[in-house]
>>> print(open('query.cif').read())   # mmCIF, C-alpha atoms
data_query
loop_
_atom_site.label_atom_id
_atom_site.label_comp_id
_atom_site.auth_asym_id
_atom_site.auth_seq_id
_atom_site.Cartn_x
_atom_site.Cartn_y
_atom_site.Cartn_z
CA CYS M 55 0.00 0.00 0.00
CA PHE M 56 1.47 3.35 -1.02
CA LEU M 57 0.87 6.54 0.90
CA PRO M 58 -0.29 9.70 -0.89
CA GLY M 59 2.67 11.75 -2.05
CA LEU M 60 4.97 8.75 -2.21
CA VAL M 61 5.95 6.69 -5.19
CA ALA M 62 7.71 3.36 -5.34
CA GLU M 63 11.26 3.69 -6.61
CA HIS M 64 11.41 -0.06 -7.10
CA TYR M 65 9.83 -3.14 -5.61
CA THR M 66 11.82 -6.25 -4.67
CA TYR M 67 10.84 -9.46 -2.86
CA GLY M 68 7.76 -7.97 -1.27
CA ALA M 69 9.51 -4.94 0.20
CA SER M 70 9.15 -1.53 -1.34
CA ILE M 71 11.60 1.33 -1.26
CA MET M 72 9.71 4.56 -1.29
CA VAL M 73 10.86 8.00 -2.27
CA GLU M 74 8.90 11.09 -1.40
CA THR M 75 7.78 13.31 -4.22
CA GLY M 76 7.07 16.85 -3.27
CA PRO M 77 7.30 20.43 -4.35
CA ASP M 78 9.23 21.13 -7.52
CA TYR M 79 12.11 22.96 -5.86
CA LEU M 80 14.32 22.84 -8.95
CA ASN M 81 11.84 24.92 -10.96
CA SER M 82 10.81 27.33 -8.20
CA ASP M 83 11.83 30.94 -7.85
CA CYS M 84 10.82 31.15 -4.18
CA ILE M 85 11.04 28.49 -1.50
CA ILE M 86 9.76 28.95 2.04
CA THR M 87 10.49 26.25 4.61
CA PHE M 88 8.75 25.75 7.93
CA ALA M 89 9.93 23.53 10.78
CA GLY M 90 12.49 21.53 8.94
CA ASN M 91 16.13 21.34 8.05
CA PRO M 92 16.10 19.21 4.91
CA VAL M 93 19.84 19.60 4.40
CA ALA M 94 20.33 17.37 7.47
CA SER M 95 17.04 15.50 7.80
CA HIS M 96 16.13 14.89 4.17
CA PRO M 97 19.25 15.38 2.04
CA PRO M 98 17.69 14.77 -1.41
CA ARG M 99 15.20 17.60 -0.78
CA GLY M 100 17.89 19.78 0.81
CA VAL M 101 20.14 19.36 -2.22
CA GLU M 102 17.27 20.35 -4.53
CA ILE M 103 16.53 23.47 -2.48
CA LEU M 104 20.16 24.56 -2.48
CA GLU M 105 20.49 23.76 -6.18
CA ALA M 106 17.44 25.95 -6.97
CA LYS M 107 19.02 28.75 -4.98
CA ARG M 108 22.36 28.35 -6.76
CA LYS M 109 21.14 27.72 -10.32
CA ARG M 110 17.94 29.79 -10.45
CA ASN M 111 18.80 32.32 -7.76
CA ALA M 112 15.58 31.21 -6.06
CA LYS M 113 14.67 33.25 -3.00
CA LEU M 114 14.91 31.15 0.15
CA ILE M 115 12.95 31.98 3.29
CA VAL M 116 13.57 29.75 6.31
CA VAL M 117 11.19 29.79 9.28
CA ASP M 118 12.94 28.00 12.13
CA PRO M 119 13.85 28.81 15.73
CA TYR M 120 17.36 27.44 15.15
CA ARG M 121 20.03 28.75 12.82
CA THR M 122 20.36 25.59 10.78
CA GLU M 123 22.67 25.12 7.82
CA LEU M 124 19.74 25.96 5.55
CA ALA M 125 18.92 29.08 7.59
CA SER M 126 22.52 30.24 7.18
CA LYS M 127 22.05 30.16 3.40
CA ALA M 128 18.62 31.82 3.38
CA ASP M 129 17.83 35.20 1.90
CA LEU M 130 15.62 35.68 4.91
CA TRP M 131 15.69 33.71 8.18
CA LEU M 132 12.71 34.11 10.48
CA GLN M 133 13.78 32.93 13.93
CA ILE M 134 10.25 32.17 15.06
CA ARG M 135 9.12 31.46 18.60
CA PRO M 136 8.53 27.68 18.75
CA GLY M 137 4.89 26.66 18.30
CA THR M 138 3.71 29.91 16.70
CA ASP M 139 3.79 28.89 13.02
CA LEU M 140 -0.01 29.13 12.81
CA ALA M 141 0.00 32.77 13.88
CA LEU M 142 2.66 33.54 11.27
CA ALA M 143 0.75 31.72 8.53
CA MET M 144 -2.49 33.51 9.41
CA GLY M 145 -0.67 36.84 9.53
CA MET M 146 0.79 36.16 6.11
CA ILE M 147 -2.67 35.25 4.80
CA LYS M 148 -4.03 38.53 6.16
CA ILE M 149 -1.29 40.54 4.45
CA ILE M 150 -1.83 38.68 1.16
CA ILE M 151 -5.58 39.35 1.31
CA ASP M 152 -5.23 42.99 2.43
CA GLU M 153 -2.68 43.77 -0.28
CA GLY M 154 -4.53 41.81 -2.98
CA LEU M 155 -1.52 39.55 -3.61
CA TYR M 156 -3.60 36.43 -4.27
CA ASP M 157 -4.90 35.01 -7.54
CA LYS M 158 -8.41 36.44 -7.56
CA ASP M 159 -9.57 34.43 -10.59
CA PHE M 160 -8.46 31.18 -8.95
CA VAL M 161 -10.12 32.09 -5.65
CA ASN M 162 -13.37 33.08 -7.36
CA LYS M 163 -13.48 29.92 -9.45
CA TRP M 164 -12.17 27.26 -7.07
CA CYS M 165 -12.28 28.36 -3.43
CA TYR M 166 -15.08 27.89 -0.97
CA GLY M 167 -15.20 29.93 2.25
CA PHE M 168 -12.94 32.79 1.18
CA ASP M 169 -15.16 35.42 2.82
CA GLU M 170 -14.99 33.46 6.08
CA LEU M 171 -11.20 33.21 5.74
CA LYS M 172 -11.00 36.98 5.19
CA GLU M 173 -13.01 37.53 8.34
CA ARG M 174 -10.91 35.09 10.38
CA ALA M 175 -7.65 36.63 9.13
CA LYS M 176 -8.69 39.97 10.63
CA ASP M 177 -7.78 38.45 14.01
CA TYR M 178 -4.09 38.44 12.92
CA PRO M 179 -2.94 42.04 12.44
CA LEU M 180 0.79 42.46 11.90
CA ASP M 181 1.57 43.89 15.34
CA LYS M 182 -0.21 41.01 17.07
CA VAL M 183 1.54 38.39 14.90
CA ALA M 184 4.90 40.02 15.61
CA ALA M 185 4.21 39.88 19.36
CA ILE M 186 3.09 36.24 19.25
CA THR M 187 5.93 34.98 17.02
CA TRP M 188 8.72 37.24 18.35
CA LEU M 189 9.48 38.20 14.75
CA PRO M 190 10.05 41.79 13.61
CA ALA M 191 7.01 43.11 11.76
CA ASP M 192 9.14 44.32 8.84
CA LYS M 193 10.57 40.80 8.36
CA ILE M 194 7.07 39.28 8.35
CA LEU M 195 6.01 41.79 5.68
CA GLU M 196 9.15 41.17 3.64
CA ALA M 197 8.78 37.38 3.75
CA THR M 198 5.08 37.56 2.85
CA ARG M 199 5.61 39.89 -0.08
CA ILE M 200 8.51 37.84 -1.46
CA TYR M 201 6.54 34.59 -1.16
CA ALA M 202 3.31 36.04 -2.58
CA THR M 203 4.85 37.87 -5.53
CA THR M 204 7.63 35.55 -6.67
CA LYS M 205 6.29 32.88 -9.00
CA PRO M 206 6.51 29.98 -9.03
CA ALA M 207 6.83 29.54 -5.27
CA VAL M 208 6.72 26.45 -3.06
CA LEU M 209 6.22 25.81 0.63
CA HIS M 210 8.19 23.09 2.41
CA LYS M 211 6.93 21.97 5.80
CA ARG M 212 8.11 19.12 7.91
CA ALA M 213 6.93 17.28 10.98
CA GLY M 214 8.03 19.98 13.41
CA VAL M 215 4.71 21.82 12.97
CA GLU M 216 2.80 18.60 13.55
CA HIS M 217 4.08 18.22 17.11
CA HIS M 218 1.99 20.84 18.82
CA ILE M 219 -1.63 21.33 19.69
CA ASN M 220 -2.52 23.49 16.65
CA SER M 221 -1.04 21.07 14.11
CA THR M 222 -4.14 20.39 12.01
CA THR M 223 -5.06 24.06 11.75
CA THR M 224 -1.44 24.99 11.03
CA VAL M 225 -1.24 22.55 8.14
CA ARG M 226 -4.54 23.91 6.80
CA ALA M 227 -3.15 27.45 6.93
CA PHE M 228 -0.10 26.26 4.98
CA ALA M 229 -2.42 24.73 2.38
CA ILE M 230 -4.15 28.10 2.06
CA LEU M 231 -0.80 29.83 1.60
CA ILE M 232 0.05 27.41 -1.17
#
>>> encode(input="query.cif", output="C-alpha cells")
Amino acid sequence: CFLPGLVAEHYTYGASIMVETGPDYLNSDCIITFAGNPVASHPPRGVEILEAKRKRNAKLIVVDPYRTELASKADLWLQIRPGTDLALAMGMIKIIIDEGLYDKDFVNKWCYGFDELKERAKDYPLDKVAAITWLPADKILEATRIYATTKPAVLHKRAGVEHHINSTTTVRAFAILI
C-alpha cells in the first residue's frame, strides 16, 4: 500500500523502497520552509533546495527557531518562537488578502469559504503576529511579499509543525498559503 505523495522507486521481494515526491524545488523561484532542516534530515530535498538557490537564484525563506545550515544560506531567516507557526501563517494570509496579492480568478473559481477566511484573518494584524511569534514586523512583511509575488513559489513543511496542539489548523493554513 502506497501513501499519498509517495511513489515506489522499485519493488523487490515484497519490500518496497519509497521515495517522497514533493514540491518542484528545482523549478521554483521562491522556497519557504517551515519547521524543517532538509539539508540534514532529508538530504535529497535539501540538495534540490540549495540547487534551486544556486542555479535559479531562487529566494529562500527559512522559518525555524534554530540557525540551521539551511537558515545560514537563506535570503531571509525568520527565527520564530517555537509553536507559533499558525500565527505567522495567518498573519501572512491577512497581508496577502489585504494587499490583494492572491490570484483572484483562482479564488473566485475554485475556493469555498474565502469570505470566512477573510473575516478570520482579521484576528491576525501584523503587530499582534509580531508579538506572538517574536518576529520583527518588517521581516514578516518582507517574507510575505517575497513569497506572494515571486512565481513559481513552493512551501516546504516538515513534521516539526505537527508536534503541537494546533497542528491540524497549522497545516490547513499552509495549504491556504500554497
>>> atom_distance(input="query.cif", atom1="atom CA of Gly214 of chain M", atom2="atom CA of Ala89 of chain M")
4.8 Å
>>> closest_residue(input="query.cif", among="M:Trp188, M:Tyr178, M:Tyr79, M:Tyr166", to="Arg110 of chain M", atoms="all atoms listed in the file")
M:Tyr79
>>> closest_residue(input="query.cif", among="M:Leu231, M:Ile150, M:Ile103, M:His217", to="Gly137 of chain M", atoms="all atoms listed in the file")
M:His217
>>> atom_distance(input="query.cif", atom1="atom CA of Glu173 of chain M", atom2="atom CA of Ala227 of chain M")
14.2 Å
>>> resolve_selection(input="query.cif", expression="the PyMOL selection byres ((chain M and resi 191) around 12)", output="list in words")
Leu132, Ile134, Leu142, Gly145, Met146, Ile149, Pro179, Leu180, Asp181, Lys182, Val183, Ala184, Ala185, Ile186, Thr187, Trp188, Leu189, Pro190, Asp192, Lys193, Ile194, Leu195, Glu196, Ala197 and Thr198 of chain M
>>> residues_around(input="query.cif", residues="Ile151 of chain M", least_positions_apart="6", cutoff="10 Å", atoms="only C-alpha atoms", output="ChimeraX atom specification")
/M:145,157-158,168,171-172,175-176
>>> write_last_selection(input="query.cif", atoms="C-alpha atoms", output="PDB file, in the frame of the given file")
ATOM      1  CA  GLY M 145      -0.670  36.840   9.530  1.00  0.00           C
ATOM      2  CA  ASP M 157      -4.900  35.010  -7.540  1.00  0.00           C
ATOM      3  CA  LYS M 158      -8.410  36.440  -7.560  1.00  0.00           C
ATOM      4  CA  PHE M 168     -12.940  32.790   1.180  1.00  0.00           C
ATOM      5  CA  LEU M 171     -11.200  33.210   5.740  1.00  0.00           C
ATOM      6  CA  LYS M 172     -11.000  36.980   5.190  1.00  0.00           C
ATOM      7  CA  ALA M 175      -7.650  36.630   9.130  1.00  0.00           C
ATOM      8  CA  LYS M 176      -8.690  39.970  10.630  1.00  0.00           C
TER       9      LYS M 176
END
>>> closest_residue(input="query.cif", among="M:Thr204, M:Thr223, M:Thr87, M:Ser82", to="Ala128 of chain M", atoms="all atoms listed in the file")
M:Thr87
>>> resolve_selection(input="query.cif", expression="the PyMOL selection byres ((chain M and resi 107) around 12)", output="number ranges by chain")
M: 79-86, 100-106, 108-115, 124, 127-129
>>> write_last_selection(input="query.cif", atoms="C-alpha atoms", output="compact mmCIF listing (two decimals), keeping the file's coordinate frame")
# COMPACT_ATOMS: atom_id res chain seq x y z
CA TYR M 79 12.11 22.96 -5.86
CA LEU M 80 14.32 22.84 -8.95
CA ASN M 81 11.84 24.92 -10.96
CA SER M 82 10.81 27.33 -8.20
CA ASP M 83 11.83 30.94 -7.85
CA CYS M 84 10.82 31.15 -4.18
CA ILE M 85 11.04 28.49 -1.50
CA ILE M 86 9.76 28.95 2.04
CA GLY M 100 17.89 19.78 0.81
CA VAL M 101 20.14 19.36 -2.22
CA GLU M 102 17.27 20.35 -4.53
CA ILE M 103 16.53 23.47 -2.48
CA LEU M 104 20.16 24.56 -2.48
CA GLU M 105 20.49 23.76 -6.18
CA ALA M 106 17.44 25.95 -6.97
CA ARG M 108 22.36 28.35 -6.76
CA LYS M 109 21.14 27.72 -10.32
CA ARG M 110 17.94 29.79 -10.45
CA ASN M 111 18.80 32.32 -7.76
CA ALA M 112 15.58 31.21 -6.06
CA LYS M 113 14.67 33.25 -3.00
CA LEU M 114 14.91 31.15 0.15
CA ILE M 115 12.95 31.98 3.29
CA LEU M 124 19.74 25.96 5.55
CA LYS M 127 22.05 30.16 3.40
CA ALA M 128 18.62 31.82 3.38
CA ASP M 129 17.83 35.20 1.90
>>> closest_residue(input="query.cif", among="M:Asn91, M:Thr75, M:Lys205, M:Ala143", to="Ala125 of chain M", atoms="all atoms listed in the file")
M:Asn91
>>> axis_aligned_box(input="query.cif", around="segment 115-119 of chain M", padding_each_side="5 Å", output="JSON")
{"center_x": 12.5, "center_y": 30.0, "center_z": 9.5, "size_x": 12.7, "size_y": 14.0, "size_z": 22.4}
>>> atom_distance(input="query.cif", atom1="atom CA of Lys211 of chain M", atom2="atom CA of Phe88 of chain M")
4.7 Å
>>> closest_residue(input="query.cif", among="M:Gly167, M:Pro206, M:Pro92, M:Pro119", to="Gln133 of chain M", atoms="all atoms listed in the file")
M:Pro119
>>> closest_residue(input="query.cif", among="M:Val117, M:Lys163, M:Pro97, M:Ile200", to="Leu140 of chain M", atoms="only C-alpha atoms")
M:Val117
